file my_file-v7.csv (CSV, C-alpha atoms)
chain,number,residue,atom,x,y,z
A,88,MET,CA,-16.5,-27.3,59.2
A,89,ALA,CA,-16.0,-23.8,60.2
A,90,SER,CA,-12.8,-22.9,62.2
A,91,ALA,CA,-13.6,-19.5,63.8
A,92,ASN,CA,-14.8,-19.5,67.4
A,93,THR,CA,-18.2,-18.1,68.3
A,94,SER,CA,-19.9,-16.8,71.4
A,95,GLY,CA,-23.5,-16.7,72.5
A,96,SER,CA,-24.0,-13.3,70.8
A,97,ASP,CA,-22.8,-14.6,67.5
A,98,VAL,CA,-25.3,-17.4,67.2
A,99,ILE,CA,-27.0,-15.8,64.2
A,100,PHE,CA,-23.9,-16.6,62.1
A,101,SER,CA,-23.4,-20.1,63.6
A,102,CYS,CA,-24.1,-23.5,62.1
A,103,SER,CA,-26.4,-25.4,64.6
A,104,ILE,CA,-24.4,-28.6,64.0
A,105,CYS,CA,-20.8,-27.5,64.5
A,106,LEU,CA,-21.7,-24.3,66.4
A,107,ASP,CA,-19.1,-22.4,64.5
A,108,VAL,CA,-19.4,-19.5,62.0
A,109,PHE,CA,-20.8,-20.7,58.8
A,110,ASN,CA,-18.4,-22.1,56.2
A,111,SER,CA,-19.9,-22.5,52.7
A,112,PRO,CA,-23.4,-22.1,54.1
A,113,VAL,CA,-26.3,-23.8,52.3
A,114,SER,CA,-30.1,-23.8,52.9
A,115,THR,CA,-32.5,-26.7,53.1
A,116,PRO,CA,-36.0,-26.3,51.5
A,117,CYS,CA,-37.4,-25.8,55.0
A,118,GLY,CA,-35.4,-22.6,55.3
A,119,HIS,CA,-32.6,-23.7,57.8
A,120,ASN,CA,-29.0,-23.0,57.2
A,121,TYR,CA,-25.9,-25.1,57.8
A,122,CYS,CA,-22.3,-25.5,56.7
A,123,ARG,CA,-22.3,-27.7,53.6
A,124,THR,CA,-19.8,-30.1,55.1
A,125,CYS,CA,-21.8,-30.4,58.4
A,126,ILE,CA,-25.2,-31.1,56.9
A,127,THR,CA,-23.8,-33.5,54.3
A,128,LYS,CA,-21.9,-35.5,56.9
A,129,PHE,CA,-25.0,-35.5,59.2
A,130,TRP,CA,-27.2,-36.9,56.4
A,131,ASP,CA,-24.6,-39.5,55.4
A,132,GLU,CA,-24.9,-40.9,59.0
A,133,GLN,CA,-28.7,-40.9,59.1
A,134,VAL,CA,-31.2,-43.5,57.8
A,135,LYS,CA,-33.7,-40.7,57.2
A,136,TYR,CA,-32.8,-37.3,55.9
A,137,LYS,CA,-33.8,-34.9,58.6
A,138,CYS,CA,-33.5,-31.2,58.7
A,139,PRO,CA,-36.0,-31.6,60.0
A,140,LEU,CA,-38.3,-34.0,58.1
A,141,PHE,CA,-37.6,-35.3,54.6
A,142,ASN,CA,-38.0,-38.9,53.4
A,143,THR,CA,-35.8,-38.3,50.4
A,144,ARG,CA,-32.5,-36.3,50.4
A,145,PRO,CA,-33.4,-32.8,49.2
A,146,ASP,CA,-31.2,-30.6,47.0
A,147,LEU,CA,-29.2,-28.0,48.9
A,148,ARG,CA,-29.2,-24.4,47.7
A,149,ILE,CA,-26.1,-22.2,48.1
A,150,ASN,CA,-27.1,-19.3,50.4
A,151,THR,CA,-25.2,-16.5,48.7
A,152,LEU,CA,-26.5,-13.8,51.1
A,153,LEU,CA,-25.6,-15.8,54.3
A,154,SER,CA,-22.2,-16.7,52.8
A,155,GLU,CA,-21.4,-13.1,52.2
A,156,LEU,CA,-22.5,-12.0,55.7
A,157,ALA,CA,-20.7,-14.9,57.4
A,158,GLY,CA,-17.5,-14.0,55.5
A,159,GLN,CA,-17.8,-10.4,56.7
A,160,PHE,CA,-18.4,-11.6,60.3
A,161,ARG,CA,-15.4,-14.0,60.1
A,162,THR,CA,-13.3,-11.0,59.0
A,163,SER,CA,-14.5,-8.9,61.9
A,164,VAL,CA,-13.7,-11.8,64.3
A,165,ARG,CA,-10.2,-12.0,63.0
A,166,VAL,CA,-9.8,-8.2,63.5
A,167,LYS,CA,-11.0,-8.6,67.0
A,168,GLU,CA,-8.5,-11.4,67.7
A,169,GLN,CA,-5.7,-9.2,66.3
A,170,LEU,CA,-6.5,-6.6,69.0
A,171,TYR,CA,-5.1,-8.8,71.6
A,172,VAL,CA,-1.3,-8.3,71.9
A,173,LYS,CA,1.2,-11.1,71.7
A,174,PRO,CA,3.1,-12.2,74.9
A,175,GLY,CA,5.8,-9.8,75.9
A,176,GLU,CA,4.0,-6.8,74.3
A,177,VAL,CA,2.6,-3.9,76.3
A,178,PRO,CA,-0.8,-2.9,74.9
A,179,CYS,CA,-2.1,0.6,74.8
A,180,ASP,CA,-5.3,0.7,76.8
A,181,VAL,CA,-6.7,3.6,74.9
A,182,CYS,CA,-6.0,2.2,71.4
A,183,THR,CA,-7.3,-1.2,72.4
A,184,GLU,CA,-10.5,0.2,73.8
A,185,GLU,CA,-11.1,2.4,70.8
A,186,ARG,CA,-10.5,-0.5,68.4
A,187,LEU,CA,-12.8,-2.8,70.5
A,188,LYS,CA,-15.6,-0.2,70.4
A,189,SER,CA,-15.1,0.4,66.6
A,190,THR,CA,-15.2,-3.4,65.9
A,191,GLU,CA,-18.3,-3.9,68.2
A,192,LYS,CA,-20.0,-1.0,66.5
A,193,GLN,CA,-19.4,-2.4,63.1
A,194,ALA,CA,-20.6,-5.9,64.2
A,195,GLU,CA,-23.8,-4.3,65.7
A,196,GLY,CA,-24.5,-2.4,62.5
A,197,LEU,CA,-24.0,-5.5,60.5
A,198,ILE,CA,-26.4,-7.5,62.7
A,199,LYS,CA,-29.0,-4.8,62.6
A,200,GLU,CA,-28.7,-4.6,58.8
A,201,LEU,CA,-29.1,-8.4,58.5
A,202,GLU,CA,-32.1,-8.4,60.9
A,203,GLN,CA,-33.7,-5.6,58.9
A,204,GLU,CA,-33.2,-7.4,55.6
A,205,ILE,CA,-34.5,-10.7,57.1
A,206,GLU,CA,-37.6,-8.8,58.3
A,207,ASP,CA,-38.1,-7.1,54.8
A,208,LEU,CA,-37.7,-10.5,53.0
A,209,THR,CA,-40.1,-12.2,55.4
A,210,ASN,CA,-42.7,-9.5,54.8
A,211,ARG,CA,-42.3,-9.7,51.1
A,212,SER,CA,-42.5,-13.5,51.2
A,213,LEU,CA,-45.8,-13.2,53.1
A,214,GLU,CA,-47.1,-10.7,50.5
A,215,VAL,CA,-46.1,-13.0,47.6
A,216,LYS,CA,-47.9,-16.0,49.3
A,217,GLN,CA,-51.1,-14.0,49.7
A,218,LEU,CA,-50.8,-12.7,46.1
A,219,LEU,CA,-50.5,-16.2,44.7
A,220,HIS,CA,-54.0,-17.0,45.9
A,221,THR,CA,-55.7,-13.9,44.6
A,222,ASN,CA,-58.4,-14.1,41.9
A,223,ASP,CA,-58.0,-10.4,41.0
A,224,HIS,CA,-55.6,-10.8,38.0
A,225,LEU,CA,-55.2,-7.1,37.4
A,226,HIS,CA,-54.3,-6.6,41.1
A,227,PHE,CA,-51.8,-9.5,40.8
A,228,LEU,CA,-50.0,-7.8,37.9
A,229,GLN,CA,-49.9,-4.4,39.6
A,230,ALA,CA,-48.7,-5.8,42.9
A,231,PHE,CA,-46.3,-8.3,41.4
A,232,ARG,CA,-44.5,-5.5,39.6
A,233,SER,CA,-43.9,-3.6,42.9
A,234,LEU,CA,-42.9,-6.7,44.8
A,235,LYS,CA,-40.4,-7.7,42.2
A,236,ASP,CA,-38.6,-4.3,42.6
A,237,PRO,CA,-35.8,-4.9,45.2
A,238,PRO,CA,-35.6,-3.0,48.5
A,239,PRO,CA,-33.1,0.0,48.4
A,240,THR,CA,-30.9,-1.3,51.2
A,241,ARG,CA,-29.0,-3.8,49.1
A,242,ASP,CA,-27.8,-4.3,45.6
A,243,TRP,CA,-30.0,-7.2,44.3
A,244,THR,CA,-28.8,-7.0,40.6
A,245,THR,CA,-27.3,-10.5,40.9
A,246,VAL,CA,-30.2,-12.0,42.7
A,247,GLU,CA,-32.6,-14.0,40.5
A,248,VAL,CA,-36.1,-15.2,41.5
A,249,ARG,CA,-36.4,-18.8,40.3
A,250,PRO,CA,-39.1,-19.3,37.6
A,251,PRO,CA,-41.3,-21.8,39.4
A,252,SER,CA,-42.0,-19.2,42.1
A,253,TYR,CA,-44.1,-16.9,39.9
A,254,VAL,CA,-43.8,-17.5,36.2
A,255,GLY,CA,-46.7,-20.0,36.0
A,256,THR,CA,-49.0,-17.8,38.0
A,257,LEU,CA,-48.0,-14.7,36.0
A,258,ARG,CA,-48.6,-16.5,32.7
A,259,ARG,CA,-52.0,-17.8,33.8
A,260,SER,CA,-53.0,-14.3,35.0
A,261,LEU,CA,-51.9,-12.7,31.7
A,262,ASP,CA,-53.8,-15.4,29.8
A,263,GLN,CA,-57.0,-14.9,31.8
A,264,LEU,CA,-56.6,-11.1,31.5
A,265,GLU,CA,-56.2,-11.4,27.8
A,266,GLU,CA,-59.2,-13.6,27.6
A,267,THR,CA,-61.2,-11.1,29.6
A,268,LEU,CA,-60.1,-8.2,27.4
A,269,ASN,CA,-61.0,-10.1,24.3
A,270,MET,CA,-64.5,-10.9,25.6
A,271,GLU,CA,-65.0,-7.2,26.5
A,272,MET,CA,-63.8,-6.1,23.1
A,273,LYS,CA,-66.2,-8.5,21.5
A,274,LYS,CA,-69.0,-7.1,23.5
A,275,LEU,CA,-68.1,-3.6,22.4
A,276,ARG,CA,-67.9,-4.6,18.8
A,277,ASP,CA,-71.3,-6.3,19.0
A,278,ALA,CA,-72.7,-3.3,20.6
A,279,GLU,CA,-71.3,-0.9,18.0
A,280,LEU,CA,-72.6,-3.0,15.1
A,281,LYS,CA,-76.0,-3.4,16.6
A,282,ARG,CA,-76.1,0.4,17.2
A,283,VAL,CA,-75.5,1.2,13.5
A,284,GLN,CA,-77.7,-1.7,12.2
A,285,GLN,CA,-80.7,0.0,13.7
A,286,TYR,CA,-80.4,2.6,10.9
A,287,GLU,CA,-81.1,0.0,8.3
A,288,VAL,CA,-82.7,1.2,5.1
A,289,ASP,CA,-84.4,-0.8,2.3
A,290,VAL,CA,-82.7,0.1,-1.0
A,291,THR,CA,-83.0,-1.3,-4.5
A,292,LEU,CA,-80.7,-0.9,-7.5
A,293,ASP,CA,-81.6,1.6,-10.2
A,294,PRO,CA,-81.5,0.1,-13.7
A,295,ASP,CA,-81.3,3.6,-15.3
A,296,THR,CA,-77.8,4.0,-13.7
A,297,ALA,CA,-76.4,0.5,-14.4
A,298,HIS,CA,-73.7,0.0,-17.0
A,299,PRO,CA,-74.9,-1.9,-20.1
A,300,ASN,CA,-72.8,-4.9,-19.1
A,301,LEU,CA,-74.4,-5.3,-15.8
A,302,ILE,CA,-77.3,-7.7,-15.1
A,303,LEU,CA,-79.8,-6.8,-12.3
A,304,SER,CA,-82.2,-9.1,-10.7
A,305,ASP,CA,-85.9,-8.4,-11.0
A,306,ASP,CA,-86.2,-7.4,-7.4
A,307,GLY,CA,-83.3,-5.0,-7.7
A,308,LYS,CA,-81.3,-6.7,-5.0
A,309,GLN,CA,-78.5,-8.4,-7.0
A,310,VAL,CA,-76.1,-7.3,-9.7
A,311,HIS,CA,-73.4,-9.2,-11.6
A,312,TYR,CA,-71.2,-8.6,-14.7
A,313,GLY,CA,-72.8,-10.2,-17.8
A,314,GLY,CA,-70.0,-9.7,-20.3
A,315,VAL,CA,-72.3,-8.7,-23.1
A,316,VAL,CA,-73.2,-5.1,-23.8
A,317,LYS,CA,-77.0,-4.6,-23.9
A,318,LYS,CA,-78.6,-2.0,-26.1
A,319,LEU,CA,-80.2,0.4,-23.7
A,320,PRO,CA,-81.7,3.9,-24.2
A,321,ASP,CA,-79.5,6.8,-23.5
A,322,ASN,CA,-79.8,8.1,-20.0
A,323,PRO,CA,-77.7,10.8,-18.4
A,324,LYS,CA,-77.7,8.9,-15.1
A,325,ARG,CA,-76.1,5.8,-16.6
A,326,PHE,CA,-72.4,4.8,-16.2
A,327,THR,CA,-71.0,4.5,-19.7
A,328,GLN,CA,-67.6,2.9,-19.1
A,329,CYS,CA,-67.2,1.7,-15.5
A,330,VAL,CA,-69.3,-1.3,-14.4
A,331,CYS,CA,-71.2,0.5,-11.6
A,332,VAL,CA,-74.7,1.0,-10.4
A,333,LEU,CA,-76.5,3.2,-7.9
A,334,THR,CA,-79.7,2.7,-5.9
A,335,ARG,CA,-83.0,4.3,-6.5
A,336,GLN,CA,-83.0,5.8,-3.0
A,337,SER,CA,-80.8,8.7,-1.9
A,338,PHE,CA,-80.2,10.3,1.5
A,339,SER,CA,-79.7,14.0,2.4
A,340,SER,CA,-79.6,13.9,6.1
A,341,GLY,CA,-79.5,11.7,9.2
A,342,ARG,CA,-78.1,8.2,9.4
A,343,PHE,CA,-78.5,5.2,7.2
A,344,TYR,CA,-77.1,1.7,7.0
A,345,PHE,CA,-77.1,-1.2,4.4
A,346,GLU,CA,-75.4,-4.5,3.9
A,347,VAL,CA,-73.9,-6.1,0.8
A,348,GLN,CA,-73.0,-9.8,0.4
A,349,VAL,CA,-69.6,-10.1,-1.3
A,350,LYS,CA,-69.2,-13.9,-0.8
A,351,ASP,CA,-67.2,-15.8,-3.5
A,352,LYS,CA,-66.1,-12.6,-5.2
A,353,THR,CA,-62.4,-11.7,-5.9
A,354,ALA,CA,-63.0,-8.0,-6.8
A,355,TRP,CA,-65.6,-5.4,-6.0
A,356,ASP,CA,-66.2,-1.8,-5.0
A,357,LEU,CA,-68.9,-0.5,-2.7
A,358,GLY,CA,-69.8,2.5,-0.6
A,359,VAL,CA,-71.7,5.8,-1.3
A,360,ALA,CA,-71.5,8.5,-4.0
A,361,ARG,CA,-72.9,12.0,-4.3
A,362,GLU,CA,-75.6,12.8,-6.9
A,363,SER,CA,-73.4,15.0,-9.1
A,364,ILE,CA,-70.7,12.5,-9.8
A,365,ASN,CA,-69.4,12.1,-13.3
A,366,ARG,CA,-70.8,9.0,-15.0
A,367,ILE,CA,-69.3,9.4,-18.5
A,368,GLY,CA,-66.0,7.6,-19.4
A,369,GLN,CA,-63.4,6.6,-16.8
A,370,ILE,CA,-64.1,7.6,-13.2
A,371,THR,CA,-61.9,8.0,-10.1
A,372,LEU,CA,-63.2,6.6,-6.9
A,373,SER,CA,-62.0,9.2,-4.5
A,374,PRO,CA,-63.7,11.6,-2.0
A,375,GLU,CA,-62.6,14.5,-4.1
A,376,ARG,CA,-64.6,13.1,-7.0
A,377,GLY,CA,-67.6,12.4,-4.8
A,378,TYR,CA,-67.0,8.7,-4.0
A,379,TRP,CA,-66.5,7.2,-0.5
A,380,THR,CA,-65.9,3.5,-1.2
A,381,ILE,CA,-63.7,0.6,-0.3
A,382,LYS,CA,-62.1,-1.6,-3.0
A,383,PHE,CA,-61.3,-5.3,-2.8
A,384,ASN,CA,-58.9,-6.7,-5.3
A,385,ASN,CA,-55.9,-9.1,-5.4
A,386,GLY,CA,-56.8,-10.2,-1.8
A,387,GLY,CA,-56.4,-6.7,-0.3
A,388,LEU,CA,-58.6,-3.8,0.8
A,389,VAL,CA,-58.0,-0.1,0.1
A,390,PHE,CA,-60.1,3.0,0.7
A,391,GLY,CA,-61.3,4.3,-2.7
A,392,CYS,CA,-58.5,4.1,-5.3
A,393,ASN,CA,-55.8,5.3,-2.9
A,394,THR,CA,-53.4,2.4,-2.4
A,395,SER,CA,-51.7,4.3,0.3
A,396,VAL,CA,-54.7,3.8,2.6
A,397,ARG,CA,-54.6,0.1,3.0
A,398,VAL,CA,-57.2,-1.5,5.2
A,399,PRO,CA,-56.3,-4.6,7.4
A,400,LEU,CA,-58.1,-7.7,6.2
A,401,ARG,CA,-58.4,-10.4,9.0
A,402,ALA,CA,-60.2,-13.1,7.0
A,403,GLU,CA,-62.2,-13.6,3.9
A,404,LEU,CA,-65.1,-11.2,3.8
A,405,GLN,CA,-68.6,-12.5,3.4
A,406,LYS,CA,-70.8,-9.5,4.0
A,407,VAL,CA,-69.9,-5.8,4.3
A,408,GLY,CA,-72.0,-3.2,6.2
A,409,VAL,CA,-72.0,0.5,5.3
A,410,PHE,CA,-73.0,3.1,7.8
A,411,VAL,CA,-73.3,6.8,7.0
A,412,ASP,CA,-73.9,9.7,9.4
A,413,TYR,CA,-74.7,12.5,6.9
A,414,ASP,CA,-74.7,15.3,9.5
A,415,GLU,CA,-71.4,14.2,11.2
A,416,GLY,CA,-69.6,13.6,7.9
A,417,LEU,CA,-68.9,9.9,8.7
A,418,VAL,CA,-68.8,6.8,6.4
A,419,SER,CA,-67.9,3.5,8.2
A,420,PHE,CA,-67.5,0.0,6.9
A,421,TYR,CA,-67.9,-3.3,8.9
A,422,ASP,CA,-67.2,-7.0,8.4
A,423,VAL,CA,-70.6,-8.2,9.4
A,424,GLU,CA,-69.8,-11.9,9.9
A,425,ALA,CA,-66.7,-11.2,12.1
A,426,ARG,CA,-68.5,-8.2,13.7
A,427,VAL,CA,-65.4,-6.1,13.2
A,428,HIS,CA,-65.0,-2.4,12.2
A,429,ILE,CA,-63.0,-2.2,8.9
A,430,TYR,CA,-62.5,1.5,8.2
A,431,SER,CA,-64.0,4.9,8.7
A,432,ALA,CA,-63.8,8.0,6.6
A,433,THR,CA,-64.3,11.0,8.9
A,434,CYS,CA,-64.7,14.8,8.5
A,435,CYS,CA,-66.4,14.2,5.1
A,436,SER,CA,-68.2,17.2,3.6
A,437,PHE,CA,-71.7,16.3,2.3
A,438,SER,CA,-73.8,19.0,0.6
A,439,GLU,CA,-76.0,17.0,-1.8
A,440,PRO,CA,-77.9,13.6,-1.8
A,441,LEU,CA,-75.9,10.4,-1.3
A,442,TYR,CA,-76.6,7.1,-3.1
A,443,PRO,CA,-75.4,3.6,-2.2
A,444,PHE,CA,-72.9,2.6,-4.8
A,445,LEU,CA,-72.0,-0.9,-6.0
A,446,SER,CA,-69.6,-2.3,-8.6
A,447,PRO,CA,-69.2,-6.1,-9.1
A,448,CYS,CA,-66.1,-5.5,-11.3
A,449,LEU,CA,-65.2,-7.6,-14.4
A,450,HIS,CA,-64.8,-11.3,-14.6
A,451,LYS,CA,-62.9,-13.6,-17.0
A,452,GLU,CA,-63.9,-17.2,-17.7
A,453,GLY,CA,-66.1,-17.5,-14.6
A,454,THR,CA,-63.8,-15.9,-12.2
A,455,ASN,CA,-65.5,-13.2,-10.0
A,456,SER,CA,-68.9,-14.1,-11.6
A,457,ALA,CA,-70.7,-14.2,-8.2
A,458,PRO,CA,-73.2,-11.3,-7.7
A,459,LEU,CA,-73.2,-8.5,-5.2
A,460,ILE,CA,-76.4,-8.8,-3.1
A,461,LEU,CA,-78.2,-6.2,-1.1
A,462,SER,CA,-79.0,-8.2,2.0
A,463,PRO,CA,-81.5,-7.6,4.8
A,464,VAL,CA,-80.0,-7.0,8.2
A,465,ASN,CA,-79.9,-9.9,10.6
A,466,GLN,CA,-78.8,-8.7,14.1
A,467,THR,CA,-78.4,-12.3,15.3
A,468,ASP,CA,-75.5,-12.9,12.9
call {"tool": "encode", "arguments": {"input": "my_file-v7.csv", "output": "structure tokens"}}
result
Amino acid sequence: MASANTSGSDVIFSCSICLDVFNSPVSTPCGHNYCRTCITKFWDEQVKYKCPLFNTRPDLRINTLLSELAGQFRTSVRVKEQLYVKPGEVPCDVCTEERLKSTEKQAEGLIKELEQEIEDLTNRSLEVKQLLHTNDHLHFLQAFRSLKDPPPTRDWTTVEVRPPSYVGTLRRSLDQLEETLNMEMKKLRDAELKRVQQYEVDVTLDPDTAHPNLILSDDGKQVHYGGVVKKLPDNPKRFTQCVCVLTRQSFSSGRFYFEVQVKDKTAWDLGVARESINRIGQITLSPERGYWTIKFNNGGLVFGCNTSVRVPLRAELQKVGVFVDYDEGLVSFYDVEARVHIYSATCCSFSEPLYPFLSPCLHKEGTNSAPLILSPVNQTD
């Protein structure tokens, strides 16, 4: 138990069992404070654990703040007791009065500080309780951050909020906020893809441009590598060394969009090319040479032949959408199945007709033998 005497004005620092200044104060879950020895002895003598009303004996929590304040108060009491002189001594009335006033002033200041901090903590506790029941998760995160910041009147660096008080609610709010953001992002991606899909054009492959090793379907919608060089008439539009093909249709203004199925392929190139590209011998797929394409090979995506411009690949591609805004100088690529934007080449300079460009690439022993297919747009994908 505590040993310092208390008066009626000092009840705020007193244990309600021993009525002395707190000694090793602890708090019960209901918020009351006692000396550890007093409440332990009281419970040991009771059939039911009351402080007030508990059926099982609760865990006591060390009240660090109250312990510190009680210690300061106990010190001030000792100072006050020292002001009284011992028998046989003649006290100085002036000194005694000044010391008494100084001690009382310090005690009053300490009490006011404690009352203010209790009021601040009570208000913050009410705000937290109200916040725990809010359904506005963004408001919760904003308000929680400000509530977690300590008031400026005391150093709270050693005070820790116990995880059960807020971590679960914070985690649920973050999860729900993330889910909401993902849903909104999906809506935006869907809206973007549907916006460009409305510029769909019907294009067919031009056999006069196809490399002799390529095999085109009768409807001009599919192309794959045949492995055998066909004898074809000379044509200045034909690719002589690279296994590529253009479409019959070209575009010199406005916007256009087409989709190519790349399912089951391990290598391919596709995009657009300008009319004046070199088709003889080896070619370089770069904007400087008139090609705006993406290349898939070895499980990775790059823009053109520039390996420094690698494109993130989230999953296996099934179908690629190509959108061109001729007047704005924009070429964009989309993963149609995942409804995700892949890459955009911006600030392109177009001054002549553009043709959709496809290359199924080579294959060995059946690998990469699947065709590239010009597919109709299905906006319900």
call {"tool": "residues_around", "arguments": {"input": "my_file-v7.csv", "residues": "region 460-464 of chain A", "least_positions_apart": "2", "cutoff": "8 Å", "atoms": "all atoms listed in the file", "output": "list in words"}}
result
Gln284, Glu287, Asp289, Val290, Thr291, Lys308, Gln309, Val310, Phe345, Glu346, Val347, Gln348, Val349, Pro458 and Gln466 of chain A
call {"tool": "write_last_selection", "arguments": {"input": "my_file-v7.csv", "atoms": "C-alpha atoms", "output": "PDB file, in the frame of the given file"}}
result
ATOM      1  CA  GLN A 284     -77.700  -1.700  12.200  1.00  0.00           C
ATOM      2  CA  GLU A 287     -81.100   0.000   8.300  1.00  0.00           C
ATOM      3  CA  ASP A 289     -84.400  -0.800   2.300  1.00  0.00           C
ATOM      4  CA  VAL A 290     -82.700   0.100  -1.000  1.00  0.00           C
ATOM      5  CA  THR A 291     -83.000  -1.300  -4.500  1.00  0.00           C
ATOM      6  CA  LYS A 308     -81.300  -6.700  -5.000  1.00  0.00           C
ATOM      7  CA  GLN A 309     -78.500  -8.400  -7.000  1.00  0.00           C
ATOM      8  CA  VAL A 310     -76.100  -7.300  -9.700  1.00  0.00           C
ATOM      9  CA  PHE A 345     -77.100  -1.200   4.400  1.00  0.00           C
ATOM     10  CA  GLU A 346     -75.400  -4.500   3.900  1.00  0.00           C
ATOM     11  CA  VAL A 347     -73.900  -6.100   0.800  1.00  0.00           C
ATOM     12  CA  GLN A 348     -73.000  -9.800   0.400  1.00  0.00           C
ATOM     13  CA  VAL A 349     -69.600 -10.100  -1.300  1.00  0.00           C
ATOM     14  CA  PRO A 458     -73.200 -11.300  -7.700  1.00  0.00           C
ATOM     15  CA  GLN A 466     -78.800  -8.700  14.100  1.00  0.00           C
TER      16      GLN A 466
END
call {"tool": "closest_residue", "arguments": {"input": "my_file-v7.csv", "among": "A:Pro440, A:Pro112, A:Pro374, A:Pro447", "to": "Ala297 (chain A)", "atoms": "all atoms listed in the file"}}
result
A:Pro447
call {"tool": "residues_around", "arguments": {"input": "my_file-v7.csv", "residues": "Thr433 (chain A)", "least_positions_apart": "4", "cutoff": "12 Å", "atoms": "all atoms listed in the file", "output": "compact mmCIF listing (two decimals) with C-alpha atoms, in the coordinates of the input"}}
result
# COMPACT_ATOMS: atom_id res chain seq x y z
CA PRO A 374 -63.70 11.60 -2.00
CA TRP A 379 -66.50 7.20 -0.50
CA PHE A 410 -73.00 3.10 7.80
CA VAL A 411 -73.30 6.80 7.00
CA ASP A 412 -73.90 9.70 9.40
CA TYR A 413 -74.70 12.50 6.90
CA ASP A 414 -74.70 15.30 9.50
CA GLU A 415 -71.40 14.20 11.20
CA GLY A 416 -69.60 13.60 7.90
CA LEU A 417 -68.90 9.90 8.70
CA VAL A 418 -68.80 6.80 6.40
CA SER A 419 -67.90 3.50 8.20
CA PHE A 420 -67.50 0.00 6.90
CA PHE A 437 -71.70 16.30 2.30
call {"tool": "atom_distance", "arguments": {"input": "my_file-v7.csv", "atom1": "CA of Ala402 (chain A)", "atom2": "CA of Gly453 (chain A)"}}
result
22.8 Å
call {"tool": "closest_residue", "arguments": {"input": "my_file-v7.csv", "among": "A:Ala425, A:Cys434, A:Ile205, A:Leu449", "to": "His298 (chain A)", "atoms": "only C-alpha atoms"}}
result
A:Leu449
call {"tool": "decode", "arguments": {"input": "my_file-v7.csv", "residues": "region 281-285 of chain A", "atoms": "all heavy atoms", "output": "PDB file, in the first residue's frame"}}
result
ATOM      1  N   LYS A 281     -13.206  -0.043 -74.846  1.00  0.00           N
ATOM      2  CA  LYS A 281     -14.424   0.106 -75.641  1.00  0.00           C
ATOM      3  C   LYS A 281     -14.368   1.372 -76.494  1.00  0.00           C
ATOM      4  O   LYS A 281     -14.897   1.399 -77.615  1.00  0.00           O
ATOM      5  CB  LYS A 281     -15.640   0.142 -74.724  1.00  0.00           C
ATOM      6  CG  LYS A 281     -15.976  -1.209 -74.107  1.00  0.00           C
ATOM      7  CD  LYS A 281     -17.196  -1.126 -73.206  1.00  0.00           C
ATOM      8  CE  LYS A 281     -17.512  -2.504 -72.608  1.00  0.00           C
ATOM      9  NZ  LYS A 281     -18.695  -2.451 -71.708  1.00  0.00           N
ATOM     10  N   ARG A 282     -13.728   2.398 -75.957  1.00  0.00           N
ATOM     11  CA  ARG A 282     -13.619   3.642 -76.726  1.00  0.00           C
ATOM     12  C   ARG A 282     -12.809   3.444 -77.994  1.00  0.00           C
ATOM     13  O   ARG A 282     -13.197   3.925 -79.073  1.00  0.00           O
ATOM     14  CB  ARG A 282     -12.977   4.735 -75.861  1.00  0.00           C
ATOM     15  CG  ARG A 282     -12.790   6.066 -76.582  1.00  0.00           C
ATOM     16  CD  ARG A 282     -12.113   7.088 -75.681  1.00  0.00           C
ATOM     17  NE  ARG A 282     -10.777   6.664 -75.304  1.00  0.00           N
ATOM     18  CZ  ARG A 282      -9.709   6.812 -76.075  1.00  0.00           C
ATOM     19  NH1 ARG A 282      -9.817   7.361 -77.284  1.00  0.00           N
ATOM     20  NH2 ARG A 282      -8.522   6.422 -75.659  1.00  0.00           N
ATOM     21  N   VAL A 283     -11.687   2.728 -77.922  1.00  0.00           N
ATOM     22  CA  VAL A 283     -10.862   2.538 -79.120  1.00  0.00           C
ATOM     23  C   VAL A 283     -11.443   1.463 -80.032  1.00  0.00           C
ATOM     24  O   VAL A 283     -11.234   1.501 -81.260  1.00  0.00           O
ATOM     25  CB  VAL A 283      -9.404   2.196 -78.734  1.00  0.00           C
ATOM     26  CG1 VAL A 283      -8.790   3.329 -77.942  1.00  0.00           C
ATOM     27  CG2 VAL A 283      -9.300   0.886 -77.978  1.00  0.00           C
ATOM     28  N   GLN A 284     -12.177   0.500 -79.450  1.00  0.00           N
ATOM     29  CA  GLN A 284     -12.752  -0.566 -80.279  1.00  0.00           C
ATOM     30  C   GLN A 284     -13.800  -0.047 -81.254  1.00  0.00           C
ATOM     31  O   GLN A 284     -14.080  -0.693 -82.273  1.00  0.00           O
ATOM     32  CB  GLN A 284     -13.349  -1.662 -79.395  1.00  0.00           C
ATOM     33  CG  GLN A 284     -12.312  -2.574 -78.768  1.00  0.00           C
ATOM     34  CD  GLN A 284     -12.934  -3.631 -77.866  1.00  0.00           C
ATOM     35  OE1 GLN A 284     -13.964  -3.405 -77.243  1.00  0.00           O
ATOM     36  NE2 GLN A 284     -12.297  -4.788 -77.782  1.00  0.00           N
ATOM     37  N   GLN A 285     -14.370   1.106 -80.958  1.00  0.00           N
ATOM     38  CA  GLN A 285     -15.386   1.641 -81.866  1.00  0.00           C
ATOM     39  C   GLN A 285     -14.782   2.093 -83.196  1.00  0.00           C
ATOM     40  O   GLN A 285     -15.512   2.366 -84.159  1.00  0.00           O
ATOM     41  CB  GLN A 285     -16.120   2.803 -81.196  1.00  0.00           C
ATOM     42  CG  GLN A 285     -15.264   4.027 -80.943  1.00  0.00           C
ATOM     43  CD  GLN A 285     -16.023   5.149 -80.268  1.00  0.00           C
ATOM     44  OE1 GLN A 285     -17.198   5.369 -80.576  1.00  0.00           O
ATOM     45  NE2 GLN A 285     -15.384   5.853 -79.347  1.00  0.00           N
TER      46      GLN A 285
END
